[in-house]
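K.L.:
Coordinates in entry-v2.txt, compact mmCIF, C-alpha atoms, are listed below.
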```txt
# COMPACT_ATOMS: atom_id res chain seq x y z
CA MET I 1 80.02 22.10 -9.96
CA PRO I 2 82.01 19.44 -11.79
CA GLU I 3 80.30 17.93 -14.84
CA ARG I 4 78.88 14.49 -14.07
CA THR I 5 78.01 11.79 -16.54
CA PRO I 6 74.25 11.03 -16.34
CA PRO I 7 73.69 7.88 -14.28
CA SER I 8 72.59 4.74 -16.09
CA ASN I 9 69.02 3.48 -15.81
CA MET I 10 70.14 0.78 -13.42
CA GLU I 11 71.65 3.35 -11.08
CA GLU I 12 68.41 5.37 -11.09
CA PHE I 13 66.63 2.27 -9.91
CA VAL I 14 69.14 1.16 -7.29
CA LYS I 15 69.75 4.49 -5.60
CA GLY I 16 66.28 4.58 -4.07
CA LEU I 17 66.81 1.18 -2.48
CA TRP I 18 69.79 1.98 -0.36
CA ARG I 19 71.89 5.12 -0.85
CA ASP I 20 68.89 7.48 -1.02
CA ASN I 21 66.46 5.32 0.90
CA PRO I 22 63.46 7.62 1.51
CA VAL I 23 62.96 6.61 5.14
CA PHE I 24 66.37 5.76 6.57
CA VAL I 25 68.43 8.38 4.75
CA MET I 26 66.13 11.19 3.62
CA LEU I 27 63.65 10.94 6.53
CA LEU I 28 60.65 11.42 4.23
CA GLY I 29 57.19 9.95 4.65
CA MET I 30 57.64 9.09 8.31
CA CYS I 31 53.99 9.29 9.35
CA PRO I 32 52.74 6.09 7.65
CA VAL I 33 56.02 4.33 8.45
CA LEU I 34 55.46 4.84 12.16
CA ALA I 35 51.70 4.48 12.23
CA VAL I 36 50.84 1.27 10.42
CA THR I 37 53.92 -0.90 10.92
CA ASN I 38 52.71 -2.86 13.95
CA SER I 39 52.70 -6.04 11.84
CA VAL I 40 54.52 -7.28 8.74
CA ILE I 41 51.31 -7.66 6.72
CA ASN I 42 50.22 -4.08 7.38
CA ALA I 43 53.69 -2.79 6.58
CA LEU I 44 53.79 -4.69 3.27
CA ALA I 45 50.30 -3.50 2.30
CA MET I 46 51.19 0.10 3.08
CA GLY I 47 54.44 -0.23 1.12
CA ALA I 48 52.67 -1.75 -1.88
CA ALA I 49 49.94 0.92 -1.88
CA SER I 50 52.48 3.74 -1.66
CA THR I 51 54.62 2.19 -4.38
CA PHE I 52 51.62 1.90 -6.69
CA VAL I 53 50.67 5.55 -6.16
CA LEU I 54 54.28 6.64 -6.52
CA VAL I 55 54.88 4.78 -9.79
CA MET I 56 51.57 5.76 -11.39
CA SER I 57 51.76 9.44 -10.42
CA SER I 58 55.42 9.74 -11.40
CA THR I 59 54.61 8.25 -14.80
CA LEU I 60 51.67 10.56 -15.38
CA VAL I 61 53.55 13.64 -14.17
CA SER I 62 56.40 12.74 -16.49
CA ILE I 63 54.06 12.30 -19.45
CA LEU I 64 52.35 15.63 -18.76
CA ARG I 65 55.48 17.54 -17.78
CA LYS I 66 55.55 19.60 -21.01
CA TRP I 67 51.93 20.73 -20.63
CA ILE I 68 51.77 21.62 -16.93
CA PRO I 69 52.53 25.33 -16.44
CA LYS I 70 55.23 26.03 -13.86
CA GLN I 71 53.01 28.23 -11.64
CA VAL I 72 50.38 25.59 -10.93
CA ARG I 73 52.61 22.52 -10.95
CA ILE I 74 52.36 21.68 -7.23
CA ALA I 75 48.56 21.87 -7.29
CA SER I 76 48.45 19.71 -10.43
CA PHE I 77 50.80 17.13 -8.90
CA ILE I 78 48.66 16.92 -5.77
CA LEU I 79 45.53 16.44 -7.88
CA ILE I 80 47.18 13.62 -9.84
CA ILE I 81 48.36 11.96 -6.63
CA ALA I 82 44.94 12.33 -4.97
CA THR I 83 43.30 10.62 -7.96
CA PHE I 84 45.55 7.58 -7.71
CA VAL I 85 45.17 7.43 -3.93
CA THR I 86 41.39 7.28 -4.37
CA VAL I 87 41.90 4.43 -6.87
CA VAL I 88 44.15 2.53 -4.47
CA GLU I 89 41.74 3.03 -1.58
CA TYR I 90 38.89 1.40 -3.51
CA LEU I 91 41.28 -1.34 -4.71
CA ILE I 92 42.31 -2.27 -1.15
CA GLN I 93 38.70 -2.21 -0.04
CA ALA I 94 37.89 -4.67 -2.83
CA ILE I 95 40.85 -6.96 -2.11
CA SER I 96 40.78 -7.21 1.67
CA LEU I 97 38.43 -5.49 4.08
CA ASP I 98 40.62 -6.45 7.04
CA ILE I 99 43.63 -4.60 5.68
CA HIS I 100 41.43 -1.66 4.76
CA LYS I 101 40.23 -1.51 8.35
CA ALA I 102 43.74 -1.87 9.80
CA LEU I 103 45.24 0.89 7.66
CA GLY I 104 42.20 3.13 8.04
CA ALA I 105 42.67 6.79 7.26
CA PHE I 106 46.34 6.25 6.51
CA ILE I 107 45.50 5.06 3.00
CA SER I 108 43.96 8.45 2.25
CA LEU I 109 46.88 10.14 3.94
CA ILE I 110 49.24 8.79 1.26
CA VAL I 111 48.24 12.01 -0.56
CA VAL I 112 50.29 14.13 1.82
CA ASN I 113 53.25 11.74 1.97
CA CYS I 114 56.06 14.17 1.15
CA MET I 115 58.07 11.36 -0.47
CA ILE I 116 55.60 11.12 -3.38
CA LEU I 117 55.29 14.85 -4.00
CA GLY I 118 59.05 15.08 -3.59
CA ARG I 119 59.73 12.52 -6.36
CA ALA I 120 57.18 14.19 -8.65
CA GLU I 121 58.73 17.62 -8.15
CA ALA I 122 62.41 16.65 -8.00
CA PHE I 123 62.55 13.87 -10.58
CA ALA I 124 59.48 13.07 -12.66
CA SER I 125 58.86 16.66 -13.80
CA ARG I 126 62.36 16.79 -15.29
CA ASN I 127 63.04 13.34 -16.71
CA SER I 128 61.73 11.01 -19.38
CA VAL I 129 58.88 8.60 -18.69
CA GLY I 130 61.03 5.47 -18.51
CA ARG I 131 63.54 6.92 -16.09
CA SER I 132 60.82 8.41 -13.87
CA MET I 133 59.16 5.01 -13.66
CA LEU I 134 62.43 3.31 -12.69
CA ASP I 135 63.21 5.98 -10.13
CA ALA I 136 59.72 5.76 -8.61
CA LEU I 137 59.90 1.96 -8.50
CA GLY I 138 63.28 2.08 -6.74
CA VAL I 139 62.12 4.60 -4.15
CA GLY I 140 58.86 2.70 -3.66
CA ILE I 141 60.67 -0.58 -3.03
CA GLY I 142 63.06 1.21 -0.69
CA PHE I 143 60.07 2.55 1.21
CA THR I 144 58.47 -0.90 1.39
CA PHE I 145 61.78 -2.34 2.60
CA ALA I 146 61.96 0.24 5.40
CA CYS I 147 58.33 -0.36 6.43
CA THR I 148 58.93 -4.10 6.52
CA CYS I 149 62.10 -3.69 8.61
CA LEU I 150 60.08 -1.81 11.21
CA GLY I 151 57.07 -4.09 10.99
CA PHE I 152 59.24 -7.19 11.38
CA VAL I 153 60.96 -6.03 14.58
CA ARG I 154 57.74 -4.70 16.09
CA GLU I 155 55.75 -7.83 15.34
CA VAL I 156 58.41 -10.27 16.55
CA LEU I 157 59.00 -8.43 19.82
CA GLY I 158 55.44 -7.22 20.32
CA SER I 159 53.49 -10.38 19.68
CA GLY I 160 56.08 -13.07 18.99
CA THR I 161 54.82 -13.72 15.45
CA VAL I 162 55.85 -13.00 11.87
CA ALA I 163 52.95 -12.33 9.49
CA GLY I 164 50.65 -14.08 11.95
CA VAL I 165 52.81 -17.23 12.35
CA GLN I 166 54.20 -17.94 15.83
CA VAL I 167 58.02 -17.85 15.71
CA LEU I 168 59.06 -17.31 19.30
CA PRO I 169 58.34 -19.98 21.96
CA SER I 170 55.14 -19.37 23.91
CA SER I 171 57.21 -18.88 27.08
CA PHE I 172 58.30 -15.53 25.57
CA GLU I 173 56.44 -12.67 27.21
CA PRO I 174 55.48 -10.23 24.39
CA TRP I 175 56.70 -6.65 24.81
CA THR I 176 53.37 -4.89 24.44
CA ILE I 177 55.10 -1.51 24.18
CA MET I 178 56.38 -2.49 20.72
CA ILE I 179 52.82 -2.59 19.36
CA LEU I 180 51.94 0.71 21.06
CA PRO I 181 52.93 4.12 19.60
CA GLY I 182 56.02 4.48 21.78
CA GLY I 183 57.54 1.31 20.33
CA ALA I 184 57.34 2.69 16.80
CA PHE I 185 59.54 5.63 17.75
CA PHE I 186 62.01 3.36 19.57
CA VAL I 187 62.34 0.86 16.74
CA LEU I 188 62.76 3.53 14.05
CA GLY I 189 65.29 5.30 16.28
CA GLY I 190 67.11 2.01 16.70
CA TRP I 191 67.26 1.36 12.94
CA LEU I 192 68.57 4.89 12.30
CA LEU I 193 71.17 4.30 14.99
CA LEU I 194 72.30 1.11 13.27
CA PHE I 195 72.59 2.85 9.89
CA ASN I 196 74.48 5.78 11.40
CA TRP I 197 76.86 3.38 13.05
CA LEU I 198 77.46 1.44 9.80
CA ARG I 199 78.08 4.67 7.90
CA GLU I 200 80.44 5.97 10.58
CA ARG I 201 82.38 2.73 10.58
CA ARG I 202 82.78 2.79 6.81
CA ARG I 203 83.96 6.40 6.94
CA ASN I 204 86.55 5.55 9.61
CA LYS I 205 87.83 2.65 7.52
CA VAL I 206 88.22 4.88 4.46
CA GLY I 207 90.00 7.41 6.65
CA LEU I 208 92.51 4.80 7.86
CA VAL I 209 93.30 3.59 4.35
CA MET O 1 25.63 10.40 14.79
CA ASN O 2 28.36 10.70 17.37
CA THR O 3 27.22 11.77 20.84
CA ALA O 4 30.50 12.66 22.57
CA SER O 5 30.48 16.09 24.22
CA PRO O 6 32.73 18.81 22.74
CA LEU O 7 34.90 18.88 25.89
CA GLN O 8 35.40 15.11 25.71
CA ILE O 9 36.44 15.39 22.07
CA PHE O 10 38.83 18.23 22.87
CA ILE O 11 40.60 16.28 25.64
CA ASP O 12 40.67 13.12 23.55
CA ALA O 13 42.29 14.85 20.55
CA CYS O 14 44.68 16.91 22.67
CA LEU O 15 45.93 14.47 25.31
CA ILE O 16 44.65 10.91 25.13
CA ASN O 17 45.07 10.40 21.40
CA ASN O 18 47.61 13.15 20.85
CA PHE O 19 47.91 13.76 17.13
CA VAL O 20 51.69 13.59 17.03
CA LEU O 21 52.60 11.14 19.77
CA ALA O 22 49.78 8.61 19.52
CA MET O 23 48.41 8.92 15.98
CA PHE O 24 51.67 9.82 14.17
CA LEU O 25 50.21 12.70 12.21
CA GLY O 26 52.44 15.65 11.38
CA ILE O 27 55.72 13.89 12.16
CA CYS O 28 57.65 15.85 9.51
CA PRO O 29 57.17 19.31 11.08
CA PHE O 30 57.51 17.67 14.50
CA LEU O 31 61.03 16.54 13.64
CA GLY O 32 61.79 19.49 11.37
CA VAL O 33 60.91 22.64 13.32
CA SER O 34 61.20 21.49 16.91
CA ALA O 35 64.78 22.64 17.38
CA LYS O 36 63.85 25.99 18.99
CA THR O 37 60.95 26.78 21.31
CA GLU O 38 60.20 30.09 19.63
CA THR O 39 59.65 28.64 16.15
CA ALA O 40 57.76 25.73 17.68
CA VAL O 41 55.20 28.09 19.24
CA ARG O 42 54.70 29.98 15.98
CA MET O 43 54.38 26.83 13.93
CA GLY O 44 51.84 25.50 16.43
CA ALA O 45 49.76 28.67 16.21
CA ALA O 46 49.76 28.61 12.41
CA VAL O 47 48.74 24.94 12.33
CA CYS O 48 45.91 25.53 14.84
CA PHE O 49 44.56 28.33 12.70
CA VAL O 50 44.69 26.41 9.42
CA MET O 51 43.14 23.38 11.13
CA LEU O 52 40.15 25.44 12.25
CA VAL O 53 39.65 26.94 8.79
CA SER O 54 40.02 23.66 6.91
CA SER O 55 37.87 21.77 9.40
CA THR O 56 35.05 24.27 8.86
CA CYS O 57 35.43 23.99 5.07
CA ALA O 58 35.62 20.20 5.19
CA PHE O 59 32.38 20.08 7.15
CA GLY O 60 30.60 22.05 4.44
CA ILE O 61 32.11 19.99 1.64
CA HIS O 62 31.14 16.75 3.31
CA ARG O 63 27.51 17.91 3.47
CA ALA O 64 27.59 18.98 -0.19
CA LEU O 65 29.17 15.70 -1.36
CA VAL O 66 26.66 13.63 0.58
CA ALA O 67 23.89 15.69 -1.04
CA ILE O 68 25.11 14.99 -4.58
CA ASN O 69 26.07 11.40 -3.66
CA ALA O 70 29.73 11.48 -4.74
CA PRO O 71 31.84 10.03 -1.90
CA TYR O 72 34.79 9.31 -4.21
CA LEU O 73 35.40 13.05 -4.52
CA HIS O 74 36.10 13.48 -0.79
CA LEU O 75 39.87 13.19 -0.84
CA ILE O 76 40.43 15.30 -3.94
CA SER O 77 38.17 18.13 -2.80
CA TYR O 78 39.61 18.15 0.73
CA ILE O 79 43.18 18.50 -0.46
CA VAL O 80 42.25 21.24 -2.93
CA VAL O 81 40.36 23.14 -0.23
CA ILE O 82 43.22 22.82 2.25
CA ALA O 83 45.73 24.06 -0.31
CA SER O 84 43.57 27.05 -1.17
CA ALA O 85 42.76 27.72 2.49
CA VAL O 86 46.46 27.89 3.25
CA GLN O 87 46.94 30.24 0.33
CA LEU O 88 44.06 32.45 1.52
CA VAL O 89 45.32 32.54 5.09
CA GLU O 90 48.73 33.49 3.78
CA MET O 91 47.35 36.43 1.78
CA PHE O 92 45.10 37.50 4.66
CA ILE O 93 47.92 37.55 7.21
CA LYS O 94 50.21 39.33 4.76
CA LYS O 95 47.65 42.10 4.32
CA PHE O 96 46.57 42.59 7.92
CA SER O 97 49.64 41.68 9.97
CA PRO O 98 52.94 41.85 8.10
CA ALA O 99 54.80 41.28 11.38
CA LEU O 100 53.10 37.92 11.97
CA PHE O 101 53.63 37.05 8.30
CA ARG O 102 57.37 37.56 8.62
CA ALA O 103 57.44 35.56 11.85
CA LEU O 104 55.74 32.53 10.28
CA GLY O 105 57.83 32.71 7.12
CA ILE O 106 58.31 29.47 5.23
CA PHE O 107 56.20 27.42 7.66
CA LEU O 108 52.94 28.73 6.32
CA PRO O 109 53.06 27.23 2.78
CA LEU O 110 54.52 23.99 4.15
CA ILE O 111 51.40 23.40 6.21
CA THR O 112 49.62 22.22 3.04
CA THR O 113 51.54 18.94 3.10
CA ASN O 114 51.10 18.47 6.85
CA CYS O 115 49.17 15.25 7.27
CA ALA O 116 47.69 16.44 10.58
CA ILE O 117 45.51 18.94 8.70
CA LEU O 118 44.14 16.40 6.24
CA GLY O 119 43.88 13.98 9.16
CA VAL O 120 41.49 16.29 11.01
CA ALA O 121 39.26 16.58 7.94
CA LEU O 122 39.23 12.82 7.34
CA PHE O 123 38.67 11.76 10.95
CA GLN O 124 35.82 14.18 11.54
CA THR O 125 34.12 12.75 8.46
CA ASN O 126 34.73 9.15 9.53
CA ARG O 127 33.44 9.76 13.04
CA GLN O 128 30.45 11.75 11.79
CA TYR O 129 30.99 14.75 14.05
CA ASP O 130 28.47 17.61 13.85
CA PHE O 131 29.64 21.20 13.42
CA VAL O 132 30.44 22.04 17.07
CA GLN O 133 32.11 18.67 17.57
CA SER O 134 34.24 19.22 14.45
CA LEU O 135 35.37 22.60 15.71
CA SER O 136 36.37 21.29 19.14
CA PHE O 137 38.11 18.33 17.46
CA ALA O 138 40.15 20.70 15.29
CA LEU O 139 40.98 22.90 18.29
CA GLY O 140 42.01 19.89 20.38
CA ALA O 141 44.16 18.47 17.60
CA GLY O 142 45.86 21.84 17.11
CA ALA O 143 46.45 22.25 20.84
CA GLY O 144 47.87 18.72 21.07
CA PHE O 145 50.18 19.35 18.12
CA THR O 146 51.43 22.60 19.68
CA LEU O 147 51.90 20.94 23.06
CA ALA O 148 53.98 18.10 21.60
CA LEU O 149 56.06 20.54 19.55
CA ILE O 150 56.81 22.79 22.54
CA LEU O 151 57.69 19.87 24.83
CA MET O 152 60.02 18.45 22.20
CA SER O 153 61.72 21.77 21.49
CA GLY O 154 62.36 22.33 25.20
CA LEU O 155 64.05 18.94 25.42
CA ARG O 156 66.07 19.48 22.27
CA GLU O 157 67.32 22.88 23.40
CA ARG O 158 68.75 21.18 26.48
CA LEU O 159 70.27 18.38 24.40
CA GLU O 160 72.17 20.88 22.26
CA LEU O 161 74.41 21.40 25.28
CA ALA O 162 74.65 17.75 26.27
CA ASP O 163 77.65 15.66 25.33
CA VAL O 164 76.41 12.70 23.29
CA SER O 165 78.21 10.29 20.97
CA SER O 166 78.32 11.42 17.34
CA VAL O 167 76.59 8.22 16.22
CA VAL O 168 73.48 9.01 18.26
CA LYS O 169 73.24 12.68 17.33
CA GLY O 170 70.42 13.87 15.09
CA ALA O 171 67.28 12.04 14.05
CA ALA O 172 67.97 8.83 15.98
CA LEU O 173 68.17 10.62 19.33
CA THR O 174 65.13 12.77 18.53
CA LEU O 175 63.07 9.67 17.75
CA MET O 176 64.12 7.96 20.98
CA ILE O 177 63.01 11.02 22.98
CA ALA O 178 59.75 11.10 21.04
CA GLY O 179 59.25 7.47 22.07
CA ILE O 180 59.69 8.33 25.74
CA LEU O 181 57.31 11.31 25.39
CA SER O 182 54.80 9.04 23.71
CA MET O 183 55.03 6.58 26.61
CA ALA O 184 54.47 9.44 29.04
CA PHE O 185 51.34 10.48 27.13
CA MET O 186 49.99 6.94 27.47
CA GLY O 187 49.38 7.88 31.09
CA PHE O 188 46.51 10.07 29.91
CA ALA O 189 44.67 7.00 28.65
CA GLY O 190 42.96 6.74 32.04
CA MET O 191 41.18 10.03 31.38
CA GLY O 192 39.01 8.42 28.69
CA ARG O 193 35.92 6.46 29.51
```
What do you get writing this file as structure tokens?

P.N.:
Amino acid sequence: MPERTPPSNMEEFVKGLWRDNPVFVMLLGMCPVLAVTNSVINALAMGAASTFVLVMSSTLVSILRKWIPKQVRIASFILIIATFVTVVEYLIQAISLDIHKALGAFISLIVVNCMILGRAEAFASRNSVGRSMLDALGVGIGFTFACTCLGFVREVLGSGTVAGVQVLPSSFEPWTIMILPGGAFFVLGGWLLLFNWLRERRRNKVGLV
Amino acid sequence: MNTASPLQIFIDACLINNFVLAMFLGICPFLGVSAKTETAVRMGAAVCFVMLVSSTCAFGIHRALVAINAPYLHLISYIVVIASAVQLVEMFIKKFSPALFRALGIFLPLITTNCAILGVALFQTNRQYDFVQSLSFALGAGAGFTLALILMSGLRERLELADVSSVVKGAALTLMIAGILSMAFMGFAGMGR
């Protein structure tokens, strides 16, 4: 392995947004991405909740990383994550009951989102507090971005609105399938296709030069 | 109290609201280990078993937490119990059937982070199922998960041989197929009331 210079703080933050996007590139945390993205509002709420849990748990894991014994680290990480998920569940319930009802059990299921445990294990348990926070924030925003991408397409095609505001003319017949489970798979498949195609095109260009 | 009959709950969890294709629980193993039918069957069996164990435990915990009036401990205690149940099952299988243990391999510990397992525990609490209902819910969810996994692996084994563009290959194609499967499962909606 060639020696690499440690990436700057800015790079830690940016890599989660695009190059290592948790959903589009690493295919982590797919369950909530597919399940709750039938509208932009739900997608944003899910993204914000996950980001909060991710940032808080990464910070705490990073602070405690010297005291957590190696053998029980996974169990300790899950406990930390579960605590913050409980906090976020009560927070959402206090802020908006509608969103709490729409997201349902998927708020609690943030606990088993492999993206969060993955960041705690792969990054926060090995890096300083500041860098872990930046990394978690980047990945969280990348996740929110991906959720919103899906939610946007599904809401526009499925009900002709964006965040509840009518954007398509009323003569447009909504594609109900986009709101239903099947549509989630199709739209995510479509986005992955687009990213694959972009990557392939860039690789071909580099090859030609 | 929920009054649905155990058979109704089983069919609902297995076909009408299939855990993978309609509720999006357990997508990671669905995409990860559905490349071969053989591993898909084993993974399905392991998940069914852990679901039954954790559903039974979750039922007891729910009762205990209601008794001491501490609902905010639900999530934390469920996840701890599931993690330890998986660990117990692992040790049990290792002791009594080393052959099965080897066959399941890495899939067993990974079940802890499978959202379908935690999903069963959470939904049975939300819907206030009694003990028999919880058991049939867990069985139905496990059967539905296995069914989706086997269907998908059969399709993917065929696709290995198909000639598709390199852009489409991989996760994108798998998701598209999952979408079509999910649409097919919508046909079961008529079986509900």

K.L.:
To one decimal place in Å, what is the distance between atom CA of Ser5 of chain O and atom CA of Ser134 of chain O?

P.N.:
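Between atom CA of Ser5 of chain O and atom CA of Ser134 of chain O the gap works out to 10.9 Å.
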
K.L.:
Show me, as a PyMOL selection string, every residue of chain O with an atom at most 9 Å from chain I, counting all atoms listed in the file.

P.N.:
chain O and resi 21-28+72-76+79-80+83+112-115+118-119+122-123+126+166-169+171-184+186

K.L.:
Suppose you want the space between atom CA of Gly160 of chain I and atom CA of Ile141 of chain I; what is it in Å?

P.N.:
25.7 Å

K.L.:
When distances are computed from only C-alpha atoms, which of O:Val41, O:Val86, O:Leu159, O:Ile93 shows the smallest separation from Cys57 of chain O?

P.N.:
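Using only C-alpha atoms, Cys57 of chain O sits closest to O:Val86.
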
K.L.:
Can you tell me which residues surround Gln87 of chain O at a distance of at most 12 Å, considering all atoms listed in the file, apart from same-chain residues fewer than 3 positions away, and format the answer as number ranges by chain?

P.N.:
I: 75; O: 50, 53-54, 80-84, 90-94, 108-112

K.L.:
How far is it from atom CA of Lys205 of chain I to atom CA of Asp20 of chain I, in Å with one decimal?

P.N.:
21.3 Å

K.L.:
Could you give me, as a list in words, the residues within 9 Å of segment 97-101 of chain I, counting only C-alpha atoms and dropping anything in the same chain fewer than 5 positions from it?

P.N.:
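Listed by chain and then number, they are Ile41, Asn42, Ala45, Glu89, Ile92 and Ile107 of chain I.
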